[in-house]
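J.: Next up is a structure, given as structure tokens.
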Amino acid sequence: MELLSNLAELHTTELGVIRIKRNLSLDCADIVEWCREQISSPDADIERKGKNWYITINGCIITVNAYSYTIITAHKLRKER
């Protein structure tokens, strides 16, 4: 899969780090490495829709731009009503 073969290209912005930490309540030093580990997990459900990859794992969704490999955001899955 294209995303998995380009994990080394994965990166985010300073604001992206802040947004991901806040949305997922994470306290980890390297957000990009954390995302890499989640994406490369055998349990990750990876789907491409248009210009983005959406990775669903452990109750959260990580959004990655398909062209630049920028981690745009990540958030917790909403519970179905």
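Ligands are numbered from 1 in the order shown, residues from 1 within each chain, and chains are lettered A, B, ... in the order they appear in the structure tokens.
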Excluding Ala74 of chain A and any residue of its chain fewer than 3 positions from it, enumerate the residues within 9 Å of it, using only C-alpha atoms, and give them as a count of residues only.
T.: 12
J.: Please identify which residues in chain A DSSP calls helix (DSSP H, G or I) from the backbone, and express them as number ranges by chain.
T.: A: 2-5, 7-9, 14-24, 31-40
J.: Could you take the residues named above and write them with C-alpha atoms, as an mmCIF file, in the first residue's frame?
T.:
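Output contents, as saved in out_34.cif:
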```cif
data_model
loop_
_atom_site.group_PDB
_atom_site.id
_atom_site.type_symbol
_atom_site.label_atom_id
_atom_site.label_comp_id
_atom_site.auth_asym_id
_atom_site.auth_seq_id
_atom_site.Cartn_x
_atom_site.Cartn_y
_atom_site.Cartn_z
ATOM 1 C CA GLU A 2 1.259 3.442 -0.969
ATOM 2 C CA LEU A 3 0.877 5.020 2.485
ATOM 3 C CA LEU A 4 2.712 2.198 4.285
ATOM 4 C CA SER A 5 5.633 2.309 1.833
ATOM 5 C CA LEU A 7 5.860 6.179 6.275
ATOM 6 C CA ALA A 8 9.293 7.836 6.379
ATOM 7 C CA GLU A 9 7.759 10.844 4.556
ATOM 8 C CA GLU A 14 3.620 22.688 14.826
ATOM 9 C CA LEU A 15 -0.106 23.443 14.893
ATOM 10 C CA GLY A 16 -0.799 19.870 13.803
ATOM 11 C CA VAL A 17 1.127 18.550 16.821
ATOM 12 C CA ILE A 18 -0.886 20.786 19.163
ATOM 13 C CA ARG A 19 -4.198 19.819 17.516
ATOM 14 C CA ILE A 20 -3.492 16.062 17.626
ATOM 15 C CA LYS A 21 -2.308 16.155 21.258
ATOM 16 C CA ARG A 22 -5.424 18.105 22.266
ATOM 17 C CA ASN A 23 -7.900 15.993 20.263
ATOM 18 C CA LEU A 24 -6.551 12.655 21.494
ATOM 19 C CA ILE A 31 3.508 12.784 17.712
ATOM 20 C CA VAL A 32 4.728 11.836 14.218
ATOM 21 C CA GLU A 33 6.354 8.659 15.539
ATOM 22 C CA TRP A 34 3.196 7.862 17.527
ATOM 23 C CA CYS A 35 1.128 8.217 14.340
ATOM 24 C CA ARG A 36 3.623 6.073 12.375
ATOM 25 C CA GLU A 37 3.246 3.281 14.933
ATOM 26 C CA GLN A 38 -0.561 3.491 14.763
ATOM 27 C CA ILE A 39 -0.628 3.501 10.944
ATOM 28 C CA SER A 40 1.777 0.564 10.653
#
```
J.: Enter the distance from atom CA of Thr70 of chain A to atom CA of Ala29 of chain A, in Å, rounded to one decimal.
T.: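 Atom CA of Ala29 of chain A lies at a distance of 17.8 Å from atom CA of Thr70 of chain A.
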J.: May I ask which of the residues A:Ser41, A:Thr13, A:Ser25, A:Asn58 is the closest one to Leu77 of chain A, counting only C-alpha atoms?
T.: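 Ranked by minimum distance to Leu77 of chain A, first place goes to A:Asn58.
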J.: Grab the atom CA of Met1 of chain A to atom CA of Asp27 of chain A distance for me, in Å with one decimal place.
T.: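 For atom CA of Met1 of chain A relative to atom CA of Asp27 of chain A, the distance reads 29.5 Å.
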J.: What separation in Å, quoted to one decimal, exists between atom CA of Tyr69 of chain A and atom CA of Leu26 of chain A?
T.: 21.0 Å
